[in-house]
$ cat input.csv   # CSV, C-alpha atoms and all ligand atoms
chain,number,residue,atom,x,y,z
A,1,MET,CA,-80.1,2.4,-79.0
A,2,ALA,CA,-79.8,0.4,-75.8
A,3,LEU,CA,-77.1,1.5,-73.4
A,4,PRO,CA,-74.7,-1.1,-72.3
A,5,PRO,CA,-75.6,-2.2,-68.7
A,6,LEU,CA,-73.5,-0.7,-66.0
A,7,SER,CA,-71.6,-3.4,-64.2
A,8,ARG,CA,-72.1,-3.7,-60.5
A,9,ARG,CA,-68.4,-3.0,-60.0
A,10,GLY,CA,-68.6,0.1,-62.1
A,11,PHE,CA,-71.7,1.2,-60.3
A,12,LEU,CA,-70.1,0.8,-56.9
A,13,THR,CA,-66.9,2.6,-58.0
A,14,THR,CA,-68.9,5.5,-59.4
A,15,SER,CA,-71.1,5.7,-56.3
A,16,ALA,CA,-68.2,5.6,-53.9
A,17,GLY,CA,-66.4,8.2,-56.0
A,18,ALA,CA,-69.4,10.5,-56.0
A,19,LEU,CA,-69.8,10.1,-52.2
A,20,ALA,CA,-66.1,11.0,-51.7
A,21,VAL,CA,-66.5,14.1,-53.9
A,22,ALA,CA,-69.7,15.1,-52.1
A,23,ALA,CA,-68.2,14.7,-48.7
A,24,THR,CA,-65.0,16.6,-49.4
A,25,GLY,CA,-66.7,19.4,-51.4
A,26,THR,CA,-64.2,19.0,-54.2
A,27,SER,CA,-64.7,17.9,-57.7
A,28,SER,CA,-62.5,15.9,-60.0
A,29,VAL,CA,-61.8,17.6,-63.3
A,30,SER,CA,-59.0,15.2,-64.4
A,31,GLY,CA,-61.4,12.3,-64.7
A,32,ALA,CA,-59.3,10.2,-62.3
A,33,GLN,CA,-61.1,8.6,-59.4
A,34,PRO,CA,-60.6,10.6,-56.2
A,35,ALA,CA,-59.1,8.7,-53.3
A,36,ILE,CA,-61.7,7.5,-50.8
A,37,SER,CA,-60.8,8.5,-47.3
A,38,PRO,CA,-60.8,5.7,-44.7
A,39,GLN,CA,-63.3,7.7,-42.6
A,40,ILE,CA,-65.8,7.7,-45.4
A,41,THR,CA,-65.5,4.0,-46.3
A,42,ARG,CA,-65.8,3.0,-42.6
A,43,GLY,CA,-69.0,5.1,-42.0
A,44,PRO,CA,-70.6,5.2,-38.6
A,45,PHE,CA,-69.7,2.5,-36.2
A,46,ILE,CA,-71.3,3.5,-32.9
A,47,TYR,CA,-74.9,2.7,-32.4
A,48,PRO,CA,-76.6,4.0,-29.3
A,49,PHE,CA,-79.7,2.3,-27.9
A,50,ARG,CA,-81.4,1.6,-24.6
A,51,ILE,CA,-82.3,-1.3,-22.5
A,52,GLY,CA,-84.7,-0.1,-19.9
A,53,GLU,CA,-82.9,2.5,-17.8
A,54,VAL,CA,-79.5,1.6,-19.2
A,55,GLU,CA,-77.6,3.4,-21.9
A,56,ALA,CA,-76.2,0.9,-24.5
A,57,TRP,CA,-73.9,1.1,-27.5
A,58,SER,CA,-73.0,-1.3,-30.2
A,59,ILE,CA,-69.5,-0.6,-31.2
A,60,SER,CA,-68.1,-2.1,-34.4
A,61,ASP,CA,-64.5,-3.2,-33.8
A,62,ALA,CA,-63.7,-4.7,-37.2
A,63,ASN,CA,-64.6,-5.2,-40.8
A,64,SER,CA,-63.2,-8.1,-42.6
A,65,MET,CA,-64.0,-11.3,-44.5
A,66,LEU,CA,-63.3,-14.9,-43.5
A,67,GLY,CA,-61.2,-15.9,-46.5
A,68,GLU,CA,-62.2,-19.6,-46.6
A,69,GLY,CA,-65.9,-18.7,-47.0
A,70,LEU,CA,-68.2,-21.7,-47.0
A,71,GLY,CA,-65.1,-23.9,-46.6
A,72,LEU,CA,-65.3,-23.0,-43.0
A,73,MET,CA,-68.8,-24.4,-42.6
A,74,TRP,CA,-69.7,-28.0,-41.6
A,75,PRO,CA,-70.9,-30.6,-42.3
A,76,GLU,CA,-69.0,-30.5,-45.6
A,77,GLU,CA,-71.6,-32.4,-47.6
A,78,GLN,CA,-74.2,-29.7,-46.7
A,79,ARG,CA,-72.2,-26.9,-48.4
A,80,PRO,CA,-74.1,-27.1,-51.7
A,81,THR,CA,-77.3,-26.7,-49.7
A,82,MET,CA,-75.8,-23.8,-47.8
A,83,GLN,CA,-74.8,-22.2,-51.2
A,84,THR,CA,-78.4,-22.6,-52.4
A,85,VAL,CA,-79.7,-20.9,-49.3
A,86,MET,CA,-77.3,-18.1,-49.7
A,87,GLU,CA,-78.2,-17.6,-53.4
A,88,ALA,CA,-81.9,-17.7,-52.6
A,89,HIS,CA,-81.3,-14.7,-50.3
A,90,GLY,CA,-79.0,-12.8,-52.6
A,91,GLU,CA,-76.1,-13.4,-50.3
A,92,PRO,CA,-72.6,-13.9,-51.8
A,93,ALA,CA,-71.0,-17.2,-50.8
A,94,ALA,CA,-68.7,-15.5,-48.4
A,95,ILE,CA,-68.6,-15.0,-44.7
A,96,PRO,CA,-68.2,-11.5,-43.5
A,97,LEU,CA,-66.7,-11.0,-40.0
A,98,TYR,CA,-68.6,-8.5,-38.0
A,99,VAL,CA,-67.2,-7.8,-34.6
A,100,ASN,CA,-69.7,-6.0,-32.3
A,101,VAL,CA,-68.8,-5.0,-28.8
A,102,LEU,CA,-71.6,-4.2,-26.4
A,103,LEU,CA,-71.1,-1.4,-23.9
A,104,LEU,CA,-73.5,-0.5,-21.1
A,105,ARG,CA,-73.6,2.5,-18.8
A,106,ARG,CA,-75.7,2.9,-15.7
A,107,GLY,CA,-74.6,5.8,-13.6
A,108,LYS,CA,-70.9,5.3,-12.8
A,109,GLU,CA,-71.0,1.7,-13.9
A,110,VAL,CA,-69.6,1.1,-17.4
A,111,LEU,CA,-69.7,-2.5,-18.5
A,112,LEU,CA,-67.9,-4.0,-21.6
A,113,PHE,CA,-68.9,-7.3,-23.1
A,114,ASP,CA,-65.7,-8.7,-24.8
A,115,ALA,CA,-63.2,-6.3,-26.2
A,116,GLY,CA,-62.5,-7.1,-29.8
A,117,PHE,CA,-59.2,-7.5,-31.6
A,118,GLY,CA,-57.3,-4.9,-29.6
A,119,GLU,CA,-54.1,-3.4,-31.1
A,120,ARG,CA,-53.5,-4.8,-34.6
A,121,GLU,CA,-51.5,-3.8,-37.6
A,122,ASN,CA,-54.6,-4.4,-39.7
A,123,PRO,CA,-56.4,-1.0,-39.9
A,124,ASN,CA,-59.7,-2.8,-40.3
A,125,GLN,CA,-59.5,-4.3,-36.8
A,126,GLY,CA,-59.3,-3.0,-33.3
A,127,TRP,CA,-61.6,0.1,-33.5
A,128,LEU,CA,-63.1,-0.4,-30.0
A,129,TYR,CA,-60.8,2.2,-28.4
A,130,GLU,CA,-61.7,4.8,-31.0
A,131,GLY,CA,-65.4,3.9,-30.5
A,132,LEU,CA,-65.1,4.5,-26.7
A,133,ALA,CA,-63.4,7.8,-27.3
A,134,ALA,CA,-66.1,8.9,-29.7
A,135,ILE,CA,-68.7,8.1,-27.1
A,136,GLY,CA,-66.7,10.1,-24.5
A,137,ILE,CA,-65.7,7.2,-22.3
A,138,THR,CA,-62.1,6.9,-21.2
A,139,PRO,CA,-60.5,3.5,-20.5
A,140,ASP,CA,-60.3,4.2,-16.8
A,141,GLN,CA,-64.0,4.8,-16.6
A,142,VAL,CA,-64.8,1.2,-17.6
A,143,THR,CA,-65.7,-0.6,-14.3
A,144,ALA,CA,-66.3,-4.2,-15.5
A,145,GLY,CA,-65.3,-6.4,-18.4
A,146,PHE,CA,-67.0,-9.6,-19.2
A,147,LEU,CA,-65.5,-12.3,-21.4
A,148,SER,CA,-67.6,-14.8,-23.4
A,149,HIS,CA,-64.5,-16.9,-24.4
A,150,ALA,CA,-60.8,-16.4,-25.1
A,151,HIS,CA,-60.5,-16.3,-28.9
A,152,GLY,CA,-58.4,-13.4,-30.0
A,153,ASP,CA,-61.3,-11.3,-31.4
A,154,HIS,CA,-62.8,-11.3,-27.9
A,155,ILE,CA,-60.0,-11.2,-25.4
A,156,ASN,CA,-57.2,-9.2,-27.1
A,157,GLY,CA,-58.8,-5.8,-26.6
A,158,PHE,CA,-58.7,-6.2,-22.8
A,159,ILE,CA,-54.9,-5.8,-23.1
A,160,LYS,CA,-53.0,-2.8,-24.3
A,161,ASP,CA,-49.2,-2.2,-24.2
A,162,GLY,CA,-48.9,-5.4,-22.2
A,163,LYS,CA,-51.2,-4.1,-19.4
A,164,ALA,CA,-54.9,-4.2,-18.7
A,165,ALA,CA,-56.4,-1.8,-21.2
A,166,PHE,CA,-59.1,-0.8,-18.6
A,167,PRO,CA,-57.1,-0.2,-15.4
A,168,ASN,CA,-60.2,0.1,-13.1
A,169,ALA,CA,-62.2,-2.8,-14.5
A,170,ALA,CA,-62.8,-6.2,-12.9
A,171,PHE,CA,-62.5,-9.0,-15.4
A,172,HIS,CA,-65.3,-11.6,-15.3
A,173,VAL,CA,-65.0,-15.0,-16.9
A,174,LEU,CA,-66.3,-18.6,-16.3
A,175,PRO,CA,-63.6,-20.8,-14.7
A,176,ALA,CA,-64.2,-23.4,-17.4
A,177,GLU,CA,-62.9,-21.0,-20.0
A,178,ARG,CA,-59.9,-19.8,-18.2
A,179,ASP,CA,-58.9,-23.3,-17.1
A,180,PHE,CA,-59.2,-24.6,-20.6
A,181,TRP,CA,-56.6,-22.2,-21.9
A,182,GLN,CA,-54.4,-22.4,-18.9
A,183,GLY,CA,-54.5,-26.2,-18.7
A,184,PRO,CA,-51.4,-28.2,-19.6
A,185,ASN,CA,-52.8,-29.5,-22.9
A,186,PRO,CA,-55.8,-27.7,-24.4
A,187,ASP,CA,-57.8,-30.2,-26.5
A,188,PHE,CA,-58.8,-29.1,-30.0
A,189,SER,CA,-59.3,-32.6,-31.4
A,190,GLU,CA,-63.0,-32.1,-32.2
A,191,SER,CA,-62.5,-28.8,-33.9
A,192,LYS,CA,-62.5,-28.5,-37.7
A,193,ARG,CA,-60.3,-25.4,-37.6
A,194,ASN,CA,-56.9,-25.0,-39.1
A,195,LYS,CA,-54.7,-26.3,-36.2
A,196,LYS,CA,-51.5,-24.6,-37.3
A,197,PRO,CA,-51.9,-21.3,-35.5
A,198,LEU,CA,-53.1,-23.0,-32.3
A,199,PRO,CA,-49.8,-23.0,-30.3
A,200,LYS,CA,-49.5,-19.2,-30.8
A,201,MET,CA,-53.2,-18.7,-30.0
A,202,VAL,CA,-52.9,-20.7,-26.8
A,203,ALA,CA,-49.8,-18.8,-25.7
A,204,SER,CA,-51.4,-15.5,-26.4
A,205,ALA,CA,-54.6,-16.4,-24.4
A,206,GLN,CA,-52.5,-17.6,-21.5
A,207,GLU,CA,-50.5,-14.4,-21.4
A,208,LYS,CA,-53.8,-12.3,-21.4
A,209,PHE,CA,-55.2,-14.4,-18.5
A,210,GLU,CA,-52.0,-13.9,-16.6
A,211,ILE,CA,-52.0,-10.1,-17.0
A,212,LEU,CA,-55.7,-10.0,-16.0
A,213,ALA,CA,-55.3,-12.4,-13.1
A,214,PRO,CA,-55.1,-9.7,-10.4
A,215,VAL,CA,-58.5,-8.3,-11.4
A,216,THR,CA,-60.2,-11.6,-12.4
A,217,GLU,CA,-63.5,-12.5,-10.8
A,218,THR,CA,-64.9,-15.9,-11.8
A,219,LEU,CA,-68.5,-16.3,-12.7
A,220,ARG,CA,-70.9,-19.1,-12.2
A,221,ASP,CA,-73.7,-20.1,-14.5
A,222,GLY,CA,-76.9,-18.4,-13.4
A,223,ASP,CA,-75.1,-15.6,-11.5
A,224,GLU,CA,-76.9,-12.3,-11.5
A,225,LEU,CA,-74.7,-9.2,-11.1
A,226,PHE,CA,-75.3,-5.5,-10.7
A,227,ASP,CA,-78.7,-6.1,-9.0
A,228,GLY,CA,-79.9,-8.4,-11.8
A,229,LEU,CA,-78.7,-6.3,-14.7
A,230,VAL,CA,-76.4,-9.0,-16.0
A,231,ARG,CA,-77.3,-12.7,-15.9
A,232,VAL,CA,-74.6,-15.2,-16.8
A,233,GLU,CA,-75.7,-18.1,-19.0
A,234,ALA,CA,-73.2,-20.8,-19.8
A,235,SER,CA,-73.4,-21.9,-23.4
A,236,PRO,CA,-70.7,-24.4,-24.0
A,237,GLY,CA,-69.7,-25.8,-27.4
A,238,HIS,CA,-68.0,-23.0,-29.3
A,239,THR,CA,-65.5,-23.3,-26.4
A,240,ALA,CA,-65.8,-25.2,-23.1
A,241,GLY,CA,-66.5,-22.1,-21.0
A,242,HIS,CA,-68.4,-20.0,-23.6
A,243,CYS,CA,-71.1,-18.0,-22.0
A,244,CYS,CA,-73.9,-15.6,-23.0
A,245,PHE,CA,-75.2,-12.7,-21.0
A,246,ARG,CA,-78.8,-11.7,-20.5
A,247,ILE,CA,-79.2,-8.0,-19.8
A,248,ARG,CA,-82.3,-6.9,-17.9
A,249,SER,CA,-83.5,-3.4,-16.9
A,250,GLY,CA,-87.1,-2.7,-16.1
A,251,ASP,CA,-89.2,-4.7,-18.5
A,252,ASP,CA,-86.5,-4.7,-21.1
A,253,GLU,CA,-84.2,-7.5,-21.9
A,254,LEU,CA,-81.3,-8.2,-24.3
A,255,LEU,CA,-79.8,-11.6,-24.8
A,256,HIS,CA,-76.1,-11.4,-25.9
A,257,LEU,CA,-75.6,-14.4,-28.1
A,258,MET,CA,-71.9,-14.0,-28.4
A,259,ASP,CA,-70.5,-16.7,-30.6
A,260,LEU,CA,-73.6,-18.9,-30.9
A,261,ALA,CA,-73.9,-17.4,-34.4
A,262,HIS,CA,-71.2,-16.4,-37.0
A,263,HIS,CA,-73.5,-15.8,-39.9
A,264,HIS,CA,-76.9,-14.1,-40.1
A,265,LEU,CA,-78.4,-16.7,-42.4
A,266,LEU,CA,-76.5,-20.0,-42.1
A,267,MET,CA,-76.6,-20.6,-38.4
A,268,PHE,CA,-80.4,-19.8,-38.3
A,269,ALA,CA,-81.6,-21.5,-41.5
A,270,ASP,CA,-80.3,-24.8,-40.1
A,271,PRO,CA,-78.9,-24.7,-36.5
A,272,ASN,CA,-77.1,-28.0,-37.2
A,273,TRP,CA,-74.6,-26.2,-39.4
A,274,THR,CA,-71.5,-25.3,-37.6
A,275,ILE,CA,-68.4,-23.2,-38.1
A,276,ALA,CA,-64.8,-24.6,-38.0
A,277,PHE,CA,-64.0,-22.4,-35.0
A,278,ASP,CA,-66.3,-24.4,-32.7
A,279,HIS,CA,-64.1,-26.4,-30.3
A,280,HIS,CA,-67.0,-28.9,-29.7
A,281,PRO,CA,-69.3,-28.8,-32.8
A,282,VAL,CA,-71.8,-31.4,-31.5
A,283,GLN,CA,-72.2,-29.6,-28.2
A,284,ALA,CA,-72.4,-26.2,-30.0
A,285,VAL,CA,-75.4,-27.5,-32.0
A,286,VAL,CA,-77.2,-28.7,-28.9
A,287,THR,CA,-76.6,-25.3,-27.2
A,288,ARG,CA,-77.6,-23.3,-30.2
A,289,LYS,CA,-80.9,-25.2,-30.6
A,290,LYS,CA,-81.7,-24.7,-26.9
A,291,PHE,CA,-81.1,-20.9,-27.1
A,292,TRP,CA,-82.8,-20.5,-30.5
A,293,ALA,CA,-85.9,-22.3,-29.4
A,294,GLN,CA,-86.2,-20.3,-26.2
A,295,ALA,CA,-85.5,-17.0,-27.8
A,296,ALA,CA,-87.9,-17.6,-30.7
A,297,TYR,CA,-90.7,-18.7,-28.3
A,298,GLN,CA,-90.2,-15.8,-26.0
A,299,HIS,CA,-89.6,-13.2,-28.7
A,300,THR,CA,-86.4,-12.2,-27.0
A,301,ARG,CA,-84.5,-9.1,-28.2
A,302,CYS,CA,-81.0,-10.5,-29.0
A,303,TYR,CA,-77.6,-9.2,-29.8
A,304,GLY,CA,-74.9,-10.9,-31.9
A,305,PHE,CA,-71.2,-10.4,-31.6
A,306,HIS,CA,-70.7,-11.6,-35.2
A,307,LEU,CA,-74.0,-10.6,-36.7
A,308,PRO,CA,-74.3,-7.6,-39.1
A,309,TRP,CA,-73.7,-4.5,-37.1
A,310,PRO,CA,-75.3,-3.1,-35.1
A,311,GLY,CA,-76.3,-6.7,-34.4
A,312,ILE,CA,-79.7,-6.3,-32.6
A,313,GLY,CA,-82.6,-8.4,-33.7
A,314,GLN,CA,-84.9,-11.4,-33.0
A,315,ILE,CA,-84.8,-15.0,-33.8
A,316,VAL,CA,-87.9,-16.1,-35.6
A,317,SER,CA,-89.1,-19.7,-36.2
A,318,ASP,CA,-89.1,-20.4,-40.0
A,319,GLY,CA,-90.2,-23.9,-41.1
A,320,SER,CA,-87.8,-26.4,-39.6
A,321,GLY,CA,-85.2,-23.7,-38.9
A,322,TYR,CA,-85.1,-20.1,-37.9
A,323,ARG,CA,-84.4,-16.6,-39.3
A,324,TRP,CA,-82.5,-13.7,-37.9
A,325,TRP,CA,-84.7,-10.7,-38.1
A,326,PRO,CA,-82.7,-7.5,-37.6
A,327,GLU,CA,-84.2,-4.7,-35.6
A,328,ALA,CA,-84.8,-1.6,-37.7
A,329,TRP,CA,-82.3,1.2,-37.1
A,330,LYS,CA,-83.6,3.7,-34.6
A,331,TRP,CA,-82.3,7.0,-33.4
A,332,VAL,CA,-82.6,7.5,-29.6
A,333,GLY,CA,-83.2,10.9,-28.1
B,401,ZN,ZN,-65.7,-14.7,-32.2
$ encode --input "input.csv" --output "structure tokens"
Amino acid sequence: MALPPLSRRGFLTTSAGALAVAATGTSSVSGAQPAISPQITRGPFIYPFRIGEVEAWSISDANSMLGEGLGLMWPEEQRPTMQTVMEAHGEPAAIPLYVNVLLLRRGKEVLLFDAGFGERENPNQGWLYEGLAAIGITPDQVTAGFLSHAHGDHINGFIKDGKAAFPNAAFHVLPAERDFWQGPNPDFSESKRNKKPLPKMVASAQEKFEILAPVTETLRDGDELFDGLVRVEASPGHTAGHCCFRIRSGDDELLHLMDLAHHHLLMFADPNWTIAFDHHPVQAVVTRKKFWAQAAYQHTRCYGFHLPWPGIGQIVSDGSGYRWWPEAWKWVG
């Protein structure tokens, strides 16, 4: 007699329940599913690695889904093709939101590249502070913060209790980014995003920049800081002052892509596809193509803020597009 197939949902529920039982050392005799502790469902979220002589960590700050799914992707008429690409790779037609914060330590220098969601009521966001604590780094040990752009998932974590979350850290940003948000009338006319939350978003970013003003140090495209450890690479489009950071130590290099990619498949399969959050979609495509072509040609090790955690990998040419090739998980000694 053939057994009825176990549904995927049933399988997942059973597996998760089994894991919870195994982890707590208890067993369920009542037949009811044991509650799954948040620690178990979250799993590890600090990934240590190295870039030359520098210690690096990828810290996961959040886990959520972008509710609108492919509805966030443009051009609209390409969505059926996007769906086909997703199905061909066994991907659900949904867009997960990974938030990966890069942390570097070289001696007494502790550098943070964007700071995640910060304090939130949502328990699935704002894990950076816990991540730092788990590594053993206190907020006052962070010596420099770098900002790619001022969307809330990037800037908010720099502020805690209305003050700088990292009291001894300089705050580095391109003037084009700061000036956009602080200007009299930030222009979102090219963006495909929902415009309703914008006044609140702008006010929030302005407030953050004001709090951080005393420690702000403006960057220039091409700047090299910390003896060449950090190179600033302007990459406008997602926002006017969006920038990437190229980390170099010895012969090693890591290019932090920041928000050039919001999905591990879509933004690579066809770099012309954009996400609604881009302020300037046409410019975002030009920038993305430039970075993808160079990174693929040079086999650059890359890191993505919104790519599946821990977010390290390479961009590989694939037909007329590209592919994100994640680096295999390694344990460092
Ligand atoms: Zn982002």
$ residues_around --input "input.csv" --residues "range 167-181 of chain A" --least-positions-apart "4" --cutoff "6 Å" --atoms "only C-alpha atoms" --output "MDAnalysis selection string"
chainID A and resid 140 142:147 186 215:219 240:241
$ residues_near_point --input "input.csv" --point "(-86.4, -24.8, -37.1)" --cutoff "10 Å" --atoms "all atoms listed in the file" --output "ChimeraX atom specification"
/A:268-272,289,292-293,296,316-323
$ residues_near_ligand --input "input.csv" --ligand "ligand ZN 401 (chain B)" --cutoff "10 Å" --atoms "only C-alpha atoms and all ligand atoms" --output "PyMOL selection string"
chain A and resi 97-100+114+116-117+148-155+238+258-262+277-278+304-306
$ closest_residue --input "input.csv" --among "A:Pro326, A:Arg106, A:Val285, A:Lys196" --to "Met267 in chain A" --atoms "only C-alpha atoms"
A:Val285
$ atom_distance --input "input.csv" --atom1 "CA of Glu233 in chain A" --atom2 "CA of Arg246 in chain A"
7.3 Å
$ residues_near_point --input "input.csv" --point "(-57.7, -4.0, -42.4)" --cutoff "10 Å" --atoms "only C-alpha atoms" --output "NGL selection string"
:A and (62-65 or 120-126)
$ residues_around --input "input.csv" --residues "Val232 in chain A" --least-positions-apart "2" --cutoff "10 Å" --atoms "only C-alpha atoms" --output "list in words"
Phe146, Ser148, Val173, Leu174, Leu219, Arg220, Asp221, Gly222, Asp223, Glu224, Leu225, Gly228, Val230, Ala234, Ser235, Cys243, Cys244, Phe245, Arg246, Ile247 and His256 of chain A
$ write_last_selection --input "input.csv" --atoms "C-alpha atoms" --output "mmCIF file, in the coordinates of the input"
data_model
loop_
_atom_site.group_PDB
_atom_site.id
_atom_site.type_symbol
_atom_site.label_atom_id
_atom_site.label_comp_id
_atom_site.auth_asym_id
_atom_site.auth_seq_id
_atom_site.Cartn_x
_atom_site.Cartn_y
_atom_site.Cartn_z
ATOM 1 C CA PHE A 146 -67.000 -9.600 -19.200
ATOM 2 C CA SER A 148 -67.600 -14.800 -23.400
ATOM 3 C CA VAL A 173 -65.000 -15.000 -16.900
ATOM 4 C CA LEU A 174 -66.300 -18.600 -16.300
ATOM 5 C CA LEU A 219 -68.500 -16.300 -12.700
ATOM 6 C CA ARG A 220 -70.900 -19.100 -12.200
ATOM 7 C CA ASP A 221 -73.700 -20.100 -14.500
ATOM 8 C CA GLY A 222 -76.900 -18.400 -13.400
ATOM 9 C CA ASP A 223 -75.100 -15.600 -11.500
ATOM 10 C CA GLU A 224 -76.900 -12.300 -11.500
ATOM 11 C CA LEU A 225 -74.700 -9.200 -11.100
ATOM 12 C CA GLY A 228 -79.900 -8.400 -11.800
ATOM 13 C CA VAL A 230 -76.400 -9.000 -16.000
ATOM 14 C CA ALA A 234 -73.200 -20.800 -19.800
ATOM 15 C CA SER A 235 -73.400 -21.900 -23.400
ATOM 16 C CA CYS A 243 -71.100 -18.000 -22.000
ATOM 17 C CA CYS A 244 -73.900 -15.600 -23.000
ATOM 18 C CA PHE A 245 -75.200 -12.700 -21.000
ATOM 19 C CA ARG A 246 -78.800 -11.700 -20.500
ATOM 20 C CA ILE A 247 -79.200 -8.000 -19.800
ATOM 21 C CA HIS A 256 -76.100 -11.400 -25.900
#
$ closest_residue --input "input.csv" --among "A:Glu130, A:Glu68, A:Asp187, A:Glu109" --to "His280 in chain A" --atoms "only C-alpha atoms"
A:Asp187
$ residues_around --input "input.csv" --residues "Tyr47 in chain A" --least-positions-apart "4" --cutoff "12 Å" --atoms "all atoms listed in the file" --output "ChimeraX atom specification"
/A:43,55-60,100-104,131-132,134-135,309-312,329-332
$ atom_distance --input "input.csv" --atom1 "CA of Leu66 in chain A" --atom2 "CA of Ile275 in chain A"
11.1 Å
$ closest_residue --input "input.csv" --among "A:Arg105, A:Ala328, A:Glu119, A:Thr239" --to "Ile51 in chain A" --atoms "only C-alpha atoms"
A:Arg105
$ closest_residue --input "input.csv" --among "A:Asp227, A:His279, A:Gly69, A:Gly313" --to "Met86 in chain A" --atoms "only C-alpha atoms"
A:Gly69
$ atom_distance --input "input.csv" --atom1 "CA of Ala133 in chain A" --atom2 "CA of Leu254 in chain A"
24.2 Å
$ decode --input "input.csv" --residues "range 78-84 of chain A" --atoms "all heavy atoms" --output "compact mmCIF listing (two decimals), in the first residue's frame"
# COMPACT_ATOMS: atom_id res chain seq x y z
N GLN A 78 8.09 42.62 -17.40
CA GLN A 78 9.08 41.53 -17.33
C GLN A 78 8.78 40.56 -16.18
O GLN A 78 9.49 39.57 -16.02
CB GLN A 78 10.47 42.12 -17.13
CG GLN A 78 11.01 42.89 -18.32
CD GLN A 78 11.61 41.96 -19.36
OE1 GLN A 78 12.51 41.19 -19.06
NE2 GLN A 78 11.09 41.99 -20.57
N ARG A 79 7.77 40.86 -15.38
CA ARG A 79 7.53 40.01 -14.20
C ARG A 79 7.25 38.54 -14.55
O ARG A 79 7.72 37.66 -13.82
CB ARG A 79 6.41 40.61 -13.33
CG ARG A 79 6.90 41.82 -12.56
CD ARG A 79 5.82 42.45 -11.74
NE ARG A 79 6.21 43.81 -11.35
CZ ARG A 79 5.39 44.76 -10.98
NH1 ARG A 79 4.09 44.53 -10.93
NH2 ARG A 79 5.82 45.95 -10.66
N PRO A 80 6.51 38.24 -15.65
CA PRO A 80 6.34 36.82 -15.98
C PRO A 80 7.68 36.14 -16.27
O PRO A 80 7.90 34.99 -15.88
CB PRO A 80 5.44 36.87 -17.24
CG PRO A 80 4.72 38.18 -17.14
CD PRO A 80 5.69 39.12 -16.51
N THR A 81 8.60 36.85 -16.92
CA THR A 81 9.94 36.28 -17.19
C THR A 81 10.68 36.07 -15.87
O THR A 81 11.34 35.05 -15.67
CB THR A 81 10.75 37.23 -18.10
OG1 THR A 81 9.93 37.61 -19.19
CG2 THR A 81 12.02 36.57 -18.60
N MET A 82 10.57 37.04 -14.99
CA MET A 82 11.22 36.90 -13.67
C MET A 82 10.68 35.67 -12.95
O MET A 82 11.43 34.89 -12.37
CB MET A 82 10.95 38.14 -12.80
CG MET A 82 11.55 39.42 -13.34
SD MET A 82 11.02 40.83 -12.32
CE MET A 82 11.43 42.20 -13.42
N GLN A 83 9.36 35.51 -13.02
CA GLN A 83 8.71 34.35 -12.38
C GLN A 83 9.26 33.04 -12.96
O GLN A 83 9.55 32.10 -12.22
CB GLN A 83 7.20 34.44 -12.63
CG GLN A 83 6.42 33.25 -12.14
CD GLN A 83 5.61 33.56 -10.89
OE1 GLN A 83 5.15 34.70 -10.71
NE2 GLN A 83 5.45 32.58 -10.04
N THR A 84 9.44 33.02 -14.27
CA THR A 84 9.96 31.82 -14.94
C THR A 84 11.38 31.53 -14.45
O THR A 84 11.74 30.38 -14.17
CB THR A 84 9.97 32.03 -16.48
OG1 THR A 84 8.66 32.42 -16.87
CG2 THR A 84 10.37 30.78 -17.21
